[in-house]
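**Q** Dropping in query.csv, with CSV, C-alpha atoms and all ligand atoms.
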chain,number,residue,atom,x,y,z
N,1,MET,CA,-13.8,-3.4,-22.0
N,2,LYS,CA,-13.6,0.0,-20.4
N,3,ALA,CA,-10.3,1.0,-18.9
N,4,ILE,CA,-8.5,4.1,-17.5
N,5,VAL,CA,-5.5,4.7,-19.7
N,6,VAL,CA,-2.6,7.0,-18.9
N,7,GLU,CA,-0.7,7.9,-22.1
N,8,GLN,CA,1.2,10.9,-20.9
N,9,ILE,CA,1.9,12.1,-17.4
N,10,GLY,CA,-0.6,14.6,-16.1
N,11,SER,CA,-3.8,13.1,-17.7
N,12,PHE,CA,-5.8,10.0,-18.4
N,13,SER,CA,-8.7,8.9,-20.5
N,14,ILE,CA,-11.5,6.4,-20.3
N,15,ARG,CA,-11.1,4.1,-23.2
N,16,ASN,CA,-12.6,1.0,-24.8
N,17,VAL,CA,-9.7,-1.4,-25.1
N,18,ASN,CA,-9.5,-5.1,-26.2
N,19,ILE,CA,-10.1,-7.6,-23.4
N,20,PRO,CA,-6.7,-9.3,-22.9
N,21,HIS,CA,-6.5,-13.1,-22.8
N,22,PRO,CA,-4.3,-15.0,-20.3
N,23,VAL,CA,-1.2,-16.8,-21.6
N,24,ALA,CA,0.6,-19.7,-19.8
N,25,GLY,CA,0.7,-19.2,-16.1
N,26,GLU,CA,-1.8,-16.3,-16.1
N,27,VAL,CA,-5.4,-15.8,-15.3
N,28,MET,CA,-7.9,-13.1,-16.2
N,29,ILE,CA,-9.7,-11.5,-13.4
N,30,ARG,CA,-13.0,-9.6,-13.5
N,31,VAL,CA,-12.3,-6.6,-11.2
N,32,SER,CA,-14.8,-6.3,-8.3
N,33,VAL,CA,-13.2,-3.4,-6.6
N,34,THR,CA,-10.0,-1.4,-6.8
N,35,GLY,CA,-8.5,0.9,-4.2
N,36,LEU,CA,-7.2,4.4,-4.8
N,37,CYS,CA,-4.2,5.6,-3.0
N,38,ARG,CA,-1.8,8.6,-3.0
N,39,THR,CA,0.6,6.7,-5.2
N,40,ASP,CA,-2.1,6.6,-8.0
N,41,LEU,CA,-2.5,10.4,-7.7
N,42,LYS,CA,1.3,10.8,-7.9
N,43,LEU,CA,1.6,8.4,-10.9
N,44,ILE,CA,-1.1,10.1,-12.9
N,45,ARG,CA,-0.3,13.8,-12.1
N,46,VAL,CA,3.5,13.8,-11.9
N,47,GLY,CA,4.7,10.3,-12.8
N,48,HIS,CA,6.6,7.7,-10.8
N,49,ARG,CA,10.0,6.1,-10.9
N,50,ASP,CA,8.6,2.7,-11.8
N,51,LEU,CA,5.9,3.8,-14.3
N,52,VAL,CA,6.1,2.6,-18.0
N,53,LEU,CA,3.7,4.3,-20.4
N,54,PRO,CA,1.1,3.8,-21.8
N,55,ARG,CA,-0.5,2.2,-18.8
N,56,VAL,CA,-3.7,1.2,-17.1
N,57,PRO,CA,-3.0,2.1,-13.4
N,58,GLY,CA,-4.4,0.3,-10.3
N,59,GLU,CA,-2.3,-1.8,-8.0
N,60,GLU,CA,-5.0,-2.7,-5.5
N,61,VAL,CA,-7.2,-5.4,-7.0
N,62,VAL,CA,-9.8,-7.8,-5.7
N,63,GLY,CA,-11.9,-9.8,-8.2
N,64,THR,CA,-13.1,-13.1,-9.5
N,65,ILE,CA,-11.2,-15.3,-11.9
N,66,SER,CA,-13.0,-15.3,-15.3
N,67,GLU,CA,-10.5,-17.2,-17.5
N,68,ILE,CA,-7.5,-19.4,-17.0
N,69,GLY,CA,-4.4,-19.8,-19.2
N,70,THR,CA,-2.5,-23.0,-19.6
N,71,ASP,CA,-0.1,-24.3,-16.9
N,72,VAL,CA,-2.4,-23.0,-14.1
N,73,SER,CA,-3.1,-25.1,-11.1
N,74,GLY,CA,-4.6,-24.4,-7.7
N,75,PHE,CA,-7.1,-21.8,-9.0
N,76,SER,CA,-10.3,-22.1,-10.9
N,77,CYS,CA,-12.9,-19.9,-12.6
N,78,GLY,CA,-15.3,-18.2,-10.2
N,79,GLN,CA,-12.8,-18.1,-7.4
N,80,ARG,CA,-12.4,-14.7,-5.5
N,81,VAL,CA,-8.8,-13.6,-5.3
N,82,TYR,CA,-6.5,-10.8,-4.2
N,83,VAL,CA,-3.6,-9.9,-6.5
N,84,TYR,CA,-0.2,-9.4,-5.0
N,85,PRO,CA,0.9,-6.5,-7.3
N,86,GLY,CA,4.5,-7.6,-7.8
N,87,THR,CA,6.1,-10.2,-10.1
N,88,ALA,CA,9.6,-11.1,-9.0
N,89,CYS,CA,12.3,-13.2,-10.6
N,90,GLY,CA,12.7,-15.5,-7.6
N,91,LYS,CA,16.5,-15.8,-8.3
N,92,CYS,CA,18.2,-12.6,-7.4
N,93,PRO,CA,19.8,-11.8,-4.0
N,94,ALA,CA,16.8,-9.7,-2.9
N,95,CYS,CA,14.3,-12.5,-3.9
N,96,LYS,CA,16.4,-15.1,-2.1
N,97,SER,CA,16.5,-13.0,1.1
N,98,GLY,CA,12.6,-12.9,1.1
N,99,ALA,CA,12.5,-9.2,-0.1
N,100,GLU,CA,11.0,-9.8,-3.5
N,101,ASN,CA,9.7,-6.3,-3.5
N,102,LEU,CA,13.3,-5.3,-4.1
N,103,CYS,CA,13.8,-7.7,-6.9
N,104,GLU,CA,16.2,-6.5,-9.6
N,105,ASP,CA,13.6,-7.4,-12.2
N,106,MET,CA,10.5,-6.4,-10.3
N,107,ARG,CA,7.4,-5.8,-12.4
N,108,ILE,CA,4.5,-4.0,-10.6
N,109,MET,CA,0.9,-4.2,-11.7
N,110,GLY,CA,-0.3,-0.7,-12.6
N,111,PHE,CA,3.3,0.4,-13.2
N,112,HIS,CA,5.1,-2.0,-15.5
N,113,ARG,CA,2.1,-4.0,-16.6
N,114,ASP,CA,-1.6,-3.0,-16.8
N,115,GLY,CA,-3.5,-2.7,-13.5
N,116,GLY,CA,-7.0,-2.9,-12.1
N,117,PHE,CA,-8.5,0.5,-13.2
N,118,ALA,CA,-10.4,-1.6,-15.8
N,119,GLU,CA,-13.2,-4.1,-16.0
N,120,TYR,CA,-10.6,-7.0,-16.4
N,121,VAL,CA,-7.0,-7.4,-15.5
N,122,LEU,CA,-4.4,-10.2,-16.2
N,123,ALA,CA,-2.4,-11.6,-13.4
N,124,PRO,CA,0.3,-14.3,-13.0
N,125,VAL,CA,-1.1,-17.2,-11.0
N,126,LYS,CA,1.8,-17.0,-8.6
N,127,SER,CA,0.6,-13.5,-7.6
N,128,LEU,CA,-2.8,-14.7,-6.5
N,129,ILE,CA,-4.0,-15.2,-2.9
N,130,SER,CA,-7.5,-16.7,-2.5
N,131,ILE,CA,-10.0,-14.8,-0.3
N,132,SER,CA,-12.0,-16.5,2.4
N,133,ASP,CA,-15.8,-16.5,1.9
N,134,LYS,CA,-16.4,-14.5,5.1
N,135,LEU,CA,-14.2,-11.6,3.9
N,136,PRO,CA,-16.2,-9.1,1.8
N,137,ASP,CA,-14.5,-7.5,-1.2
N,138,GLU,CA,-14.5,-4.0,0.4
N,139,ILE,CA,-12.5,-5.3,3.3
N,140,ALA,CA,-10.2,-7.7,1.3
N,141,ILE,CA,-9.1,-4.7,-0.8
N,142,PHE,CA,-7.2,-3.3,2.2
N,143,ALA,CA,-4.8,-6.3,1.9
N,144,GLU,CA,-2.5,-4.2,-0.3
N,145,PRO,CA,-2.1,-1.1,1.8
N,146,LEU,CA,-2.0,-3.2,5.0
N,147,SER,CA,0.7,-5.4,3.4
N,148,CYS,CA,2.9,-2.4,2.9
N,149,CYS,CA,2.4,-1.4,6.6
N,150,LEU,CA,3.2,-4.9,7.8
N,151,ASN,CA,6.4,-4.8,5.8
N,152,ALA,CA,7.4,-1.5,7.4
N,153,LEU,CA,6.5,-2.8,10.9
N,154,GLU,CA,8.6,-6.0,10.2
N,155,LEU,CA,11.5,-3.9,9.1
N,156,SER,CA,11.2,-1.7,12.2
N,157,ARG,CA,11.8,-4.9,14.4
N,158,LEU,CA,8.8,-3.8,16.5
N,159,LYS,CA,8.4,-6.0,19.5
N,160,LYS,CA,5.4,-6.6,21.8
N,161,GLY,CA,5.0,-3.9,24.4
N,162,GLU,CA,7.1,-1.4,22.6
N,163,THR,CA,5.8,2.1,21.8
N,164,ILE,CA,5.5,3.4,18.2
N,165,GLY,CA,4.9,6.9,17.0
N,166,ILE,CA,3.2,7.2,13.7
N,167,TRP,CA,3.3,10.5,11.9
N,168,GLY,CA,0.2,11.1,9.7
N,169,ALA,CA,-3.4,10.0,10.2
N,170,GLY,CA,-4.2,9.2,6.6
N,171,PRO,CA,-5.3,5.7,5.6
N,172,ALA,CA,-1.7,4.5,5.8
N,173,GLY,CA,-1.0,6.0,9.2
N,174,ARG,CA,-4.2,4.5,10.6
N,175,LEU,CA,-3.4,1.1,9.1
N,176,LEU,CA,0.1,1.3,10.6
N,177,CYS,CA,-1.5,2.1,13.9
N,178,ARG,CA,-3.9,-0.9,13.8
N,179,GLY,CA,-1.2,-3.2,12.5
N,180,ALA,CA,1.1,-2.2,15.4
N,181,SER,CA,-1.7,-2.9,17.9
N,182,ALA,CA,-2.3,-6.3,16.3
N,183,LEU,CA,1.3,-7.0,16.8
N,184,GLY,CA,1.0,-6.1,20.5
N,185,ALA,CA,2.7,-2.7,20.5
N,186,GLU,CA,1.4,0.6,21.8
N,187,PRO,CA,0.8,3.0,19.0
N,188,PHE,CA,0.5,6.8,19.1
N,189,VAL,CA,-0.6,8.8,16.0
N,190,ILE,CA,0.7,12.3,15.5
N,191,GLU,CA,-1.3,14.4,13.1
N,192,PRO,CA,-0.7,18.1,12.8
N,193,ASP,CA,-3.9,18.6,10.7
N,194,GLU,CA,-6.9,19.2,13.1
N,195,ARG,CA,-9.5,18.3,10.4
N,196,ARG,CA,-7.7,15.1,9.6
N,197,ARG,CA,-7.5,14.3,13.3
N,198,SER,CA,-11.3,14.5,13.7
N,199,LEU,CA,-12.1,12.3,10.7
N,200,ALA,CA,-12.1,9.0,12.5
N,201,ASN,CA,-11.7,7.7,16.0
N,202,GLY,CA,-8.9,5.6,17.3
N,203,PHE,CA,-6.0,7.8,18.1
N,204,LYS,CA,-4.2,8.9,21.1
N,205,LYS,CA,-2.4,12.3,21.4
N,206,PRO,CA,1.3,11.9,21.9
N,207,THR,CA,1.7,11.9,25.7
N,208,ARG,CA,5.4,11.0,25.7
N,209,ASN,CA,8.6,12.3,24.2
N,210,GLY,CA,10.3,9.1,23.0
N,211,PHE,CA,9.2,6.1,21.0
N,212,ASP,CA,10.9,2.8,20.4
N,213,VAL,CA,9.9,3.0,16.7
N,214,CYS,CA,8.9,6.1,14.7
N,215,ILE,CA,7.3,5.7,11.3
N,216,VAL,CA,6.7,8.6,9.0
N,217,ALA,CA,3.6,8.1,6.8
N,218,VAL,CA,3.4,11.6,5.5
N,219,GLY,CA,5.7,13.1,2.9
N,220,SER,CA,6.9,16.0,5.0
N,221,VAL,CA,10.4,17.1,6.0
N,222,GLU,CA,9.0,18.5,9.3
N,223,ALA,CA,7.5,15.2,10.2
N,224,TYR,CA,10.8,13.4,9.6
N,225,LYS,CA,12.7,16.0,11.8
N,226,GLU,CA,10.1,15.5,14.5
N,227,ALA,CA,10.2,11.7,14.3
N,228,ILE,CA,14.0,11.6,14.5
N,229,SER,CA,13.9,13.9,17.5
N,230,HIS,CA,11.4,11.6,19.3
N,231,LEU,CA,13.5,8.4,19.1
N,232,ASN,CA,14.4,6.4,22.2
N,233,PRO,CA,17.9,5.0,22.6
N,234,ARG,CA,18.2,2.0,20.3
N,235,GLY,CA,15.0,3.4,18.5
N,236,ARG,CA,14.3,2.8,14.8
N,237,VAL,CA,12.9,5.4,12.5
N,238,VAL,CA,11.2,4.1,9.3
N,239,VAL,CA,11.2,6.0,6.1
N,240,PHE,CA,7.8,4.9,4.9
N,241,SER,CA,6.7,7.9,2.9
N,242,GLY,CA,8.8,9.2,0.1
N,243,LEU,CA,9.8,12.9,-0.1
N,244,ALA,CA,9.8,15.2,-3.1
N,245,PRO,CA,13.3,15.0,-4.7
N,246,ASP,CA,14.2,18.5,-3.6
N,247,ALA,CA,13.2,17.7,0.0
N,248,SER,CA,15.0,14.3,0.3
N,249,ASN,CA,18.4,15.8,1.1
N,250,LEU,CA,17.1,16.4,4.7
N,251,GLN,CA,20.0,17.1,7.1
N,252,ILE,CA,20.4,14.4,9.7
N,253,ASP,CA,22.6,14.5,12.8
N,254,PHE,CA,24.5,11.2,12.4
N,255,ASN,CA,26.0,11.6,15.8
N,256,GLN,CA,22.6,11.1,17.4
N,257,PHE,CA,22.4,7.7,15.7
N,258,HIS,CA,25.9,6.9,16.9
N,259,TYR,CA,25.6,7.9,20.5
N,260,TYR,CA,22.1,6.5,21.0
N,261,GLU,CA,22.6,3.4,18.8
N,262,GLN,CA,19.6,4.2,16.7
N,263,THR,CA,18.7,2.9,13.3
N,264,LEU,CA,17.3,4.5,10.1
N,265,VAL,CA,15.5,2.0,8.0
N,266,GLY,CA,13.7,2.4,4.6
N,267,ALA,CA,10.4,0.6,3.7
N,268,TYR,CA,9.0,0.4,0.2
N,269,GLY,CA,6.1,-1.9,-0.9
N,270,CYS,CA,5.6,-5.4,0.4
N,271,SER,CA,6.3,-9.1,-0.3
N,272,TYR,CA,3.8,-11.8,-1.2
N,273,ARG,CA,3.9,-13.2,2.4
N,274,HIS,CA,2.7,-9.8,3.7
N,275,GLY,CA,-0.4,-10.1,1.5
N,276,GLN,CA,-1.1,-13.5,3.2
N,277,GLN,CA,-0.5,-12.0,6.6
N,278,ALA,CA,-2.7,-9.0,5.8
N,279,LEU,CA,-5.6,-11.1,4.6
N,280,GLU,CA,-5.4,-13.2,7.8
N,281,PHE,CA,-5.5,-10.1,10.0
N,282,LEU,CA,-8.5,-8.8,8.1
N,283,ALA,CA,-10.3,-12.1,8.1
N,284,ASP,CA,-10.0,-12.8,11.8
N,285,GLY,CA,-10.7,-9.2,12.8
N,286,ARG,CA,-7.3,-8.4,14.3
N,287,VAL,CA,-7.2,-5.4,12.0
N,288,LYS,CA,-10.5,-3.7,11.4
N,289,VAL,CA,-10.8,-1.3,8.5
N,290,LYS,CA,-14.5,-0.8,7.6
N,291,ASP,CA,-14.6,2.7,9.2
N,292,LEU,CA,-11.6,3.8,7.0
N,293,ILE,CA,-13.8,3.6,3.8
N,294,SER,CA,-14.8,7.2,3.2
N,295,HIS,CA,-16.1,6.9,-0.4
N,296,LYS,CA,-17.4,4.3,-2.8
N,297,MET,CA,-17.5,5.5,-6.4
N,298,PRO,CA,-17.7,4.3,-9.9
N,299,LEU,CA,-14.2,3.9,-11.4
N,300,TRP,CA,-15.3,6.2,-14.2
N,301,GLU,CA,-15.5,9.1,-11.7
N,302,LEU,CA,-11.7,8.8,-11.2
N,303,GLU,CA,-11.1,12.6,-11.7
N,304,LYS,CA,-13.5,13.4,-8.9
N,305,ALA,CA,-11.8,10.7,-6.7
N,306,LEU,CA,-8.3,12.1,-7.4
N,307,LYS,CA,-9.4,15.6,-6.3
N,308,LEU,CA,-10.6,14.1,-3.0
N,309,VAL,CA,-7.2,12.5,-2.5
N,310,GLU,CA,-5.5,15.8,-3.5
N,311,LYS,CA,-7.5,17.8,-0.9
N,312,ARG,CA,-7.0,15.0,1.7
N,313,SER,CA,-10.7,15.3,2.3
N,314,GLY,CA,-11.4,11.5,2.5
N,315,LEU,CA,-9.8,8.4,3.8
N,316,LYS,CA,-9.9,5.2,1.7
N,317,ILE,CA,-11.6,5.6,-1.6
N,318,LEU,CA,-13.0,2.4,-3.3
N,319,LEU,CA,-13.6,2.4,-7.0
N,320,TYR,CA,-16.0,0.0,-8.8
N,321,PRO,CA,-15.6,-0.7,-12.5
V,1,ZN,ZN,14.5,-11.2,-8.1
What does the file become when written as structure tokens?
**A**
Amino acid sequence: MKAIVVEQIGSFSIRNVNIPHPVAGEVMIRVSVTGLCRTDLKLIRVGHRDLVLPRVPGEEVVGTISEIGTDVSGFSCGQRVYVYPGTACGKCPACKSGAENLCEDMRIMGFHRDGGFAEYVLAPVKSLISISDKLPDEIAIFAEPLSCCLNALELSRLKKGETIGIWGAGPAGRLLCRGASALGAEPFVIEPDERRRSLANGFKKPTRNGFDVCIVAVGSVEAYKEAISHLNPRGRVVVFSGLAPDASNLQIDFNQFHYYEQTLVGAYGCSYRHGQQALEFLADGRVKVKDLISHKMPLWELEKALKLVEKRSGLKILLYP
């Protein structure tokens, strides 16, 4: 099969590799569509904390089961599935608390094991979530990025009727906005880039100074400073976007958090249940995403697609193997 392979940081190649076969508890999936996100760009160009080489990247996968290993029940060949990208141990304190994304032994598809930038991908059966017939592949693929947003919104303890400021109007910022609306909150998107702001509809300009929740979905120190300065008393600020290592020692006034009883909370990835919740929201239309698709391209044009992400000139890019 054809696959994108990263052997060293900074480059990748399109290779013919052997089609893997599922072992016990695994299935093989023929990839229908895979989503490209900024993390893939980071992983290929500069590396990532969780990346183990050589690797087929791709952590957003929707496809059809094409082969089944032993000890697999509940799924059959021909079934359409979404793959929750993590495999957790199920026993450690993080797993037991429902945060398997923080599992001590977390293995992520596209990072620790081969991902969906290929014609086929192997996945453990416990990572699969079946997709309803009425949900097209190009919508179901948003389950992964939306899951990460739902995890962040859950950690923010966002309540109905609260206001939420979201910094960054990229695909993640827009999904956070729509997820927050679906949860009954009032979102405001703050985007300093005029061109980005005009790319799609659906935002409001910030018309207020304080928010109950601030989420930063852009890797910028300035955005973090602004978000922290726009927190209401008892407000929560979510560290959703990572910062470059040299920028992450941002100075924070802890007395502000003390006097106003505010909370600083991190969010990274998602749990299996967020995948289920995301697919529900997508299937019943509570979160609409179709207008967020800016490009559909053959997977083999990955370099062109990465350049679009680099220049921030698109929104969601879907790749077809
Ligand atoms: Zn664990």
**Q** Select, from N:Phe117, N:Thr70, N:Met109, N:Lys91, the residue with the minimum atom-to-atom distance to Met1 in chain N, counting all atoms listed in the file.
**A**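 The shortest atom-to-atom distance to Met1 in chain N comes from N:Phe117.
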**Q** Using only C-alpha atoms, what residues lie at most 12 Å away from (-4.4, 1.6, 15.0) (file coordinates), given as a ChimeraX atom specification?
**A** /N:146,149,164-166,168-190,200-204,286-289,291-292
**Q** Quick one: of N:Asp246, N:Asp253, N:Glu191, N:Asp137, who's nearest to Leu282 in chain N, counting only C-alpha atoms?
**A** N:Asp137
**Q** Which of these, N:Met106, N:Glu26, N:Arg49, N:Leu36, has the shortest distance to Ser76 in chain N once you count only C-alpha atoms?
**A** N:Glu26
**Q** May I have a table of the residues of chain N lying at most 10 Å from ligand ZN 1 (chain V), giving each one's closest pair of atoms and their distance in Å to one decimal, counting only C-alpha atoms and all ligand atoms, ordered by chain and ascending residue number, as a tab-separated table?
**A**
residue	atom	partner	partner_atom	distance
N:Thr87	CA	V:ZN1	ZN	8.7
N:Ala88	CA	V:ZN1	ZN	5.0
N:Cys89	CA	V:ZN1	ZN	3.9
N:Gly90	CA	V:ZN1	ZN	4.7
N:Lys91	CA	V:ZN1	ZN	5.0
N:Cys92	CA	V:ZN1	ZN	4.0
N:Pro93	CA	V:ZN1	ZN	6.7
N:Ala94	CA	V:ZN1	ZN	5.9
N:Cys95	CA	V:ZN1	ZN	4.4
N:Lys96	CA	V:ZN1	ZN	7.4
N:Ser97	CA	V:ZN1	ZN	9.6
N:Gly98	CA	V:ZN1	ZN	9.5
N:Ala99	CA	V:ZN1	ZN	8.5
N:Glu100	CA	V:ZN1	ZN	5.9
N:Asn101	CA	V:ZN1	ZN	8.3
N:Leu102	CA	V:ZN1	ZN	7.2
N:Cys103	CA	V:ZN1	ZN	3.8
N:Glu104	CA	V:ZN1	ZN	5.2
N:Asp105	CA	V:ZN1	ZN	5.7
N:Met106	CA	V:ZN1	ZN	6.6
N:Arg107	CA	V:ZN1	ZN	9.9
**Q** Figure out the distance between CA of Leu319 in chain N and CA of Ile215 in chain N, please, to one decimal in Å.
**A**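 A separation of 28.0 Å between them.
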**Q** If you measure from CA of Gly115 in chain N to CA of Pro85 in chain N, what distance in Å do you get, rounded to one decimal?
**A**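 For CA of Gly115 in chain N relative to CA of Pro85 in chain N, the distance reads 8.5 Å.
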**Q** When distances are computed from all atoms listed in the file, which of N:Gly266, N:Gly219, N:Pro20, N:Pro54 shows the smallest separation from Val238 in chain N?
**A** N:Gly266
**Q** Taking (14.3, 17.9, 1.6) in the file's coordinates as the center, which residues reach within 10 Å of it, counting only C-alpha atoms, put as a list in words?
**A**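 Residues close enough to count: Gly219, Ser220, Val221, Glu222, Tyr224, Leu243, Ala244, Pro245, Asp246, Ala247, Ser248, Asn249, Leu250 and Gln251 of chain N.
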**Q** For C-alpha atoms, I'd like the residues from the last selection saved as a compact mmCIF listing (two decimals), keeping the file's coordinate frame.
**A**
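Output saved as out.txt:
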# COMPACT_ATOMS: atom_id res chain seq x y z
CA GLY N 219 5.70 13.10 2.90
CA SER N 220 6.90 16.00 5.00
CA VAL N 221 10.40 17.10 6.00
CA GLU N 222 9.00 18.50 9.30
CA TYR N 224 10.80 13.40 9.60
CA LEU N 243 9.80 12.90 -0.10
CA ALA N 244 9.80 15.20 -3.10
CA PRO N 245 13.30 15.00 -4.70
CA ASP N 246 14.20 18.50 -3.60
CA ALA N 247 13.20 17.70 0.00
CA SER N 248 15.00 14.30 0.30
CA ASN N 249 18.40 15.80 1.10
CA LEU N 250 17.10 16.40 4.70
CA GLN N 251 20.00 17.10 7.10
**Q** Please report the interatomic distance between CA of Arg55 in chain N and CA of His112 in chain N in Å with one decimal.
**A** 7.7 Å
**Q** Out of N:Leu158, N:Arg312, N:Val56, N:Val46, which residue has the shortest atom-to-atom distance to Val237 in chain N when counting only C-alpha atoms?
**A**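 Smallest separation from Val237 in chain N among the options: N:Leu158.
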**Q** Of the residues N:Thr64, N:Ser156, N:Gln256, N:Thr39, which is the one nearest to Leu122 in chain N, using only C-alpha atoms?
**A** N:Thr64
**Q** Find the spatial neighbours of Cys77 in chain N, counting all atoms listed in the file, within a cut-off of 10 Å - ignore same-chain residues fewer than 3 positions away - and output them as an mmCIF file with C-alpha atoms, in the frame of the given file.
**A**
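Output (out_37.cif):
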data_model
loop_
_atom_site.group_PDB
_atom_site.id
_atom_site.type_symbol
_atom_site.label_atom_id
_atom_site.label_comp_id
_atom_site.auth_asym_id
_atom_site.auth_seq_id
_atom_site.Cartn_x
_atom_site.Cartn_y
_atom_site.Cartn_z
ATOM 1 C CA VAL N 27 -5.400 -15.800 -15.300
ATOM 2 C CA MET N 28 -7.900 -13.100 -16.200
ATOM 3 C CA ILE N 29 -9.700 -11.500 -13.400
ATOM 4 C CA THR N 64 -13.100 -13.100 -9.500
ATOM 5 C CA ILE N 65 -11.200 -15.300 -11.900
ATOM 6 C CA SER N 66 -13.000 -15.300 -15.300
ATOM 7 C CA GLU N 67 -10.500 -17.200 -17.500
ATOM 8 C CA ILE N 68 -7.500 -19.400 -17.000
ATOM 9 C CA ARG N 80 -12.400 -14.700 -5.500
#
**Q** Can you list, as a ChimeraX atom specification, every protein, DNA or RNA residue that comes within 6 Å of Gln262 in chain N when you count all atoms listed in the file, leaving out same-chain residues fewer than 6 positions away?
**A** /N:234-236
